[in-house]
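A short write-up of the structure that comes next.
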Amino acid sequence: MNTDLLIWIILSPLLGAVLTGGLYFYSIKKEKISDATFAWIGTITPFISFLITLSLFLRMNEENITFKQELFTWLSIDKLTIEMGFLGDNLSIFMAMFVTFVGWLIHIYAVGYMKGDKGFGKFFAYFNLFLASMLILVLADNPIILFIGWEGVGVCSYLLIKFYYGKKENILAANKAFIVNRVGDFGFLLGVVTLFFAMGEVDLSFTSIEANLTNASPELLGLAGFLLFVGAMGKSAQIPLYVWLPDAMAGPTPISALIHAATMVTAGVYMVARFHFLYIDLADIGLFIAYIGAFSALLAAFIATRQNDIKKILAYSTMSQLGYMFIAVGLGFYSTGLFHVFTHAFFKAMLFMGAGGVIMALHHQQDIFKIAQHRASLPIIGFTFLVGVIAISGIPPFSGFFSKDAILAAAFQEEQYLIWGIGMFTAFLTAFYMFRLYFVVFVAPTKSKKEYVYTSKTITLPLLVLAIGAFGAGFLNFPAVFGGNHFVDTWLGQLNSKTIHLSHATEYILMIVSVAVAAAGIFVAYKKYANFDVSKPEEEIGIIGNKFYIDEIYDLVFVKTLKKLSTFIDKVVDSKIIDGFIMNSSEGFVEIGKKVAMLQNANVRFYAAFMLVGMSCIFIYLYITLGL
Amino acid sequence: MISLTSLAFVSMMLFSIGAIGVISRKNIFVIYMSIEMMLNGINLFLVTFARYHFDMDPQIITIMVIAIAAVEAAIFLSVIILLFRSKKSLDTDVFTTLTQGEKS
């Protein structure tokens with residue numbers, strides 16, 4: 001079904017970005033424009049997107065249709081034709097729904113958080129652009145358009161991470177994020193190219209790829225599936241390309257919330273789900289994805305238990321939760337994975353926004369023990385943070401429980417007991433480190449006077465809305481065991497190759513086990529940290545505290561060797577070999593020129609002799625060849 | 001009757017003497033005369049073979065060459081006069097304007 005509305009979901013924030021960007025330039029060159037103008041433009045545009053998405057969603061819900069909009073032919077080279085087309089099917093509209101909604105709330109939050117910042121207008125221009133890129137990615141009709149959005153979010157994350165570009169660490173973090181993402185993007189691009197060669201004479205829209213998949217050679221498709229997943233590794237911060245995510249915390253907190261909840265990191269999971277028709281037939285690649293996800297989840301959870309920076313703990317928890325999502329999509333349970341993306345968007349956005357509120361109240365202090373030492377009274381933030389922590393730990397009936405439990409049940413049903421075990425253990429660690437964070441920051445006894453700090457309404461209102469979401473989002477996919485409606489599973493049902501059909505007894509036991517595991521994690525955290533003496537902070541020591549030395553290993557293996565190589569090329573290959581060759585050959589030409597110039601000696605008789613010799617040669621040649 | 005070989009030999013001798021004169025002599029006049037000698041060598045060659053084959057075409061070419069040589073003589077002589085006026089000499093080694101600088 002064609003519609004003109006689809007493009008406006010993307011255009012609205014894009015125009016907002018152009019408008020705020022232009023106004024920002026005007027305000028720094030000419031006269032000052034009030035922050036309120038930027039704030040209104042910046043927050044209304046995502047809201048318009050959300051309303052359009054909602055209306056399309058409601059229409060789809062009634063009529064069961066797919067929206068499609070083709071604007072123009074972007075490229076047409078021989079067999080390859082790329083339409084600038086957008087697709088609104090069940091998957092993309094579902095994704096766009098919560099991206100725009102959570103994105104909108106984060107925009108509102110940013111109004112409060114960035115208040116008085118001199119780059120206020122610029123911030124909203126970037127923010128809108130970020131959302132627009134993500135929506136291009138989500139609504140793309142073919143992998144090339146998807147790649148535009150894919151790169152767009154990469155650029156915007158780079159711009160936003162180094163938003164305070166005065167500090168060197170921020171720039172380094174932004175460079176790291178960008179470069180590591182480039183590695184993944186390269187994989188993705190190669191994957192698309194491989195797909196193109198595998199498909200042959202087919203236009204590259206998702207529907208026609210799906211329809212013509214049987215004609216392609218399975219080897220090439222396997223390669224394409226793997227390469228596309230390399231892209232997902234980079235964007236969604238999985239082993240081995242996750243190192244950028246914790247460093248990306250250098251940016252202001254709303255950015256972290258946006259990157260982690262609504263945009264960017266979920267792109268990888270979404271992409272795998274978008275290519276579900278490809279991965280369904282690639283069971284080996286799927287299993288590989290699931291294992292990468294499981295190990296990423298475990299590694300990140302381990303590291304998070306020993307971090308002291310509130311934002312880094314949350315960053316590692318995101319990586320860990322993304323690991324869960326990849327377990328689900330890798331095993332073929334796409335709706336389950338996306339359901340976790342959905343619930344995660346709510347509670348992770350809320351946790352980051354809460355953390356931002358705490359950081360702001362304490363004048364940009366991020367160390368959890370120092371925050372505890374100067375604790376301020378923040379009732380709303382404290383309450384919503386607790387909701388988020390419970391949700392991520394997987395305690396029923398909060399949303400995180402339903403989505404995480406469904407993933408673990410899926411792993412159990414597929415008889416991947418190792419993945420299931422890792423998932424369970426990660427759930428324990430998750431409950432532990434999240435409650436460690438909560439207990440240290442909000443509960444542990446402290447000598448501070450606990451002054452009440454006023455938090456702006458634009459910060460608390462989105463938090464409360466998200467708290468409702470984090471609590472209630474799980475009911476959208478209420479398990480059938482409890483007589484639920486399975487709304488998300490039904491909505492995204494066409495993606496699934498498999499559904500969970502364990503016996504009720506098994507399902508109950510699994511739930512009890514996972515709740516018990518989470519409770520154990522909370523209990524351990526409670527024992528250790530509820531009465532923790534925050535004046536003696538834990539230090540980030542040992543192999544876990546040093547993040548398994550992964551950064552150092554990467555530095556040694558990739559950065560240092562590349563540096564050596566480039567020094568070698570600079571000092572030896574370039575200056576000695578290439579320059580030597582060019583300089584010597586130019587000198588050679590000069591020498592030859594001097595020799596040749598001697599022929600021009602103005603000696604007429606010499607010229608005549610030369611002419612005679614030349615003509616004689618020509619005649620002799622003619623005589624021989626023509627045989628006269 | 002004079003044999004074909006001896007006539008051809010004479011014309012080739014004329015041509016060769018002319019060529020050697022062009023190469024070895026310094027005086028522009030002598031070079032000019034040598035060039036004329038080469039032309040006449042060719043003319044004789046053409047006429048000889050025209051007779052031998054009873055063909056009129058080479059004869060026509062010969063007349064052409066003589067006509068052109070006459071025109072050429074007019075131009076050549078005026079050029080020689082101009083050259084002499086500029087350098088007061090007819091030695092070819094004096095005229096080195098177009099060389100690579102070292103000799104001038």
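Naming scheme: A, B, ... for chains in displayed order of the structure tokens; residues 1 onward per chain; ligands 1 onward as shown.
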| Counting only C-alpha atoms, chain A residues within 6 Å of chain B, as a PyMOL selection string | chain A and resi 600-602+605+608-609
How close does each residue of segment 26-61 of chain B get to segment 4-13 of chain B, giving the shortest atom pair and distance in Å to one decimal for every residue with an atom at most 8 Å away, counting only C-alpha atoms, sorted by chain and residue number, as a Markdown table?
| residue | atom | partner | partner_atom | distance |
| --- | --- | --- | --- | --- |
| B:Asn40 | CA | B:Ser11 | CA | 7.8 |
| B:Gly41 | CA | B:Ser11 | CA | 4.4 |
| B:Ile42 | CA | B:Ser11 | CA | 6.6 |
| B:Leu44 | CA | B:Ser11 | CA | 5.7 |
| B:Phe45 | CA | B:Ser11 | CA | 5.5 |
| B:Thr48 | CA | B:Leu7 | CA | 6.8 |
| B:Tyr52 | CA | B:Leu4 | CA | 7.6 |
Export of prior selection with N, CA and C atoms as a compact mmCIF listing (two decimals), in the first residue's frame:
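Below is the file selection-v9.txt, written as the result:
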# COMPACT_ATOMS: atom_id res chain seq x y z
N ASN B 40 70.20 16.68 -59.94
CA ASN B 40 70.50 16.29 -61.31
C ASN B 40 70.82 14.80 -61.41
N GLY B 41 71.48 14.29 -60.37
CA GLY B 41 71.71 12.84 -60.31
C GLY B 41 70.40 12.09 -60.40
N ILE B 42 69.41 12.53 -59.62
CA ILE B 42 68.10 11.89 -59.63
C ILE B 42 67.47 12.03 -61.02
N LEU B 44 68.83 12.39 -63.91
CA LEU B 44 69.48 11.49 -64.87
C LEU B 44 68.99 10.06 -64.69
N PHE B 45 68.88 9.66 -63.46
CA PHE B 45 68.40 8.32 -63.12
C PHE B 45 67.00 8.09 -63.70
N THR B 48 67.02 8.00 -67.53
CA THR B 48 67.59 6.73 -67.98
C THR B 48 66.54 5.64 -67.99
N TYR B 52 64.62 3.40 -70.87
CA TYR B 52 64.74 1.94 -70.82
C TYR B 52 63.37 1.28 -70.90
Can you list, as a compact mmCIF listing (two decimals) with N, CA and C atoms, in the first residue's frame, every protein, DNA or RNA residue that comes within 9 Å of segment 67-75 of chain B when you count only C-alpha atoms, leaving out same-chain residues fewer than 3 positions away?
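Result file follows (out_22.txt):
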# COMPACT_ATOMS: atom_id res chain seq x y z
N TYR B 32 74.74 24.50 -51.68
CA TYR B 32 73.64 24.67 -52.62
C TYR B 32 73.93 23.95 -53.93
N GLU B 36 72.00 20.83 -55.87
CA GLU B 36 71.60 20.81 -57.27
C GLU B 36 72.16 19.57 -57.97
N LEU B 39 70.07 16.66 -57.18
CA LEU B 39 68.84 16.69 -57.96
C LEU B 39 69.09 16.21 -59.40
N THR B 62 60.72 14.58 -64.28
CA THR B 62 62.00 15.26 -64.44
C THR B 62 61.80 16.73 -64.78
N ILE B 63 60.90 16.99 -65.71
CA ILE B 63 60.61 18.38 -66.07
C ILE B 63 60.14 19.13 -64.82
N MET B 64 59.27 18.49 -64.04
CA MET B 64 58.75 19.07 -62.80
C MET B 64 59.88 19.43 -61.87
N SER B 78 68.14 34.19 -52.69
CA SER B 78 67.76 35.36 -51.90
C SER B 78 68.02 35.10 -50.42
N VAL B 79 67.77 33.87 -49.96
CA VAL B 79 68.05 33.53 -48.56
C VAL B 79 69.53 33.68 -48.28
N ILE B 80 70.37 33.21 -49.24
CA ILE B 80 71.82 33.30 -49.04
C ILE B 80 72.25 34.76 -48.91
| said: Show me, as number ranges by chain, the residues that have an atom within 10 Å of Gly330 of chain A when counting only C-alpha atoms, minus same-chain residues fewer than 6 positions from it. | reply: A: 269, 272-273, 276, 279-280, 282-293, 324, 337, 411
| request: Name the closest residue to Ser335 of chain A among the candidates A:Asn308, A:Ser616, A:Asn61, A:Thr499; distances are taken between atoms, counting only C-alpha atoms. | output: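 Looking at the shortest contact to Ser335 of chain A, the residue is A:Thr499.
For the pair atom CA of Leu331 of chain A and atom CA of Leu278 of chain A, the interatomic distance is 13.0 Å.
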| query | What's the 8 Å shell around Tyr334 of chain A, counting only C-alpha atoms, without same-chain residues fewer than 5 positions away, as a PyMOL selection string? | reply | chain A and resi 273+276+328-329+492+495-496
Write a file of the just-selected residues containing N, CA and C atoms, as a PDB file, in the first residue's frame.
ATOM      1  N   ALA A 273      17.252  -8.873  12.351  1.00  0.00           N
ATOM      2  CA  ALA A 273      15.839  -9.204  12.236  1.00  0.00           C
ATOM      3  C   ALA A 273      15.305  -8.835  10.854  1.00  0.00           C
ATOM      4  N   HIS A 276      15.877 -11.462   8.456  1.00  0.00           N
ATOM      5  CA  HIS A 276      15.501 -12.739   9.081  1.00  0.00           C
ATOM      6  C   HIS A 276      15.385 -13.847   8.047  1.00  0.00           C
ATOM      7  N   ALA A 328      18.700 -14.305  21.175  1.00  0.00           N
ATOM      8  CA  ALA A 328      17.356 -14.570  20.670  1.00  0.00           C
ATOM      9  C   ALA A 328      17.321 -14.562  19.146  1.00  0.00           C
ATOM     10  N   VAL A 329      17.867 -13.506  18.525  1.00  0.00           N
ATOM     11  CA  VAL A 329      17.765 -13.448  17.070  1.00  0.00           C
ATOM     12  C   VAL A 329      18.648 -14.509  16.416  1.00  0.00           C
ATOM     13  N   LEU A 492       4.754  -9.493  15.342  1.00  0.00           N
ATOM     14  CA  LEU A 492       5.975  -9.780  14.588  1.00  0.00           C
ATOM     15  C   LEU A 492       6.038 -11.238  14.170  1.00  0.00           C
ATOM     16  N   LEU A 495       8.009 -12.963  11.185  1.00  0.00           N
ATOM     17  CA  LEU A 495       9.463 -13.085  11.162  1.00  0.00           C
ATOM     18  C   LEU A 495       9.911 -14.431  11.692  1.00  0.00           C
ATOM     19  N   ASN A 496       9.111 -14.967  12.591  1.00  0.00           N
ATOM     20  CA  ASN A 496       9.606 -16.092  13.377  1.00  0.00           C
ATOM     21  C   ASN A 496       9.643 -17.378  12.584  1.00  0.00           C
TER      22      ASN A 496
END
| 8 Å contact set for segment 128-139 of chain A, only C-alpha atoms, chain neighbours under 3 positions out, as a VMD selection string | chain A and resid 9 to 14 16 to 17 42 45 to 46 86 to 88 92 to 93 95 to 96 99 to 100 103 124 to 125 145 to 150 152 to 153 156 to 157 263 to 264 267 270
| request: Tell me which protein, DNA and RNA residues are within 10 Å of Leu386 of chain A, counting only C-alpha atoms, leaving out same-chain ones fewer than 6 positions away, and put them as a list in words. | output: Leu351, Gly354, Ile380, Ile392, Met434, Phe435, Tyr438, Phe439, Phe442 and Ala467 of chain A
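Here atom CA of Leu90 of chain B is placed at a distance of 26.4 Å from atom CA of Val65 of chain B.
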| task | Mind giving me the straight-line distance from atom CA of Gly580 of chain A to atom CA of Gly593 of chain A in Å, one decimal? | result |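 The value is 19.6 Å.
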| said: I need the residues of segment 282-367 of chain A that end up classed as alpha helix (DSSP H) by DSSP on the backbone, written out as a VMD selection string. | reply: chain A and resid 283 to 304 310 to 330 334 to 361
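Closest approach to His374 of chain A among A:Glu451, A:Asp35, A:Glu414, A:Asp555: A:Glu451, based on only C-alpha atoms.
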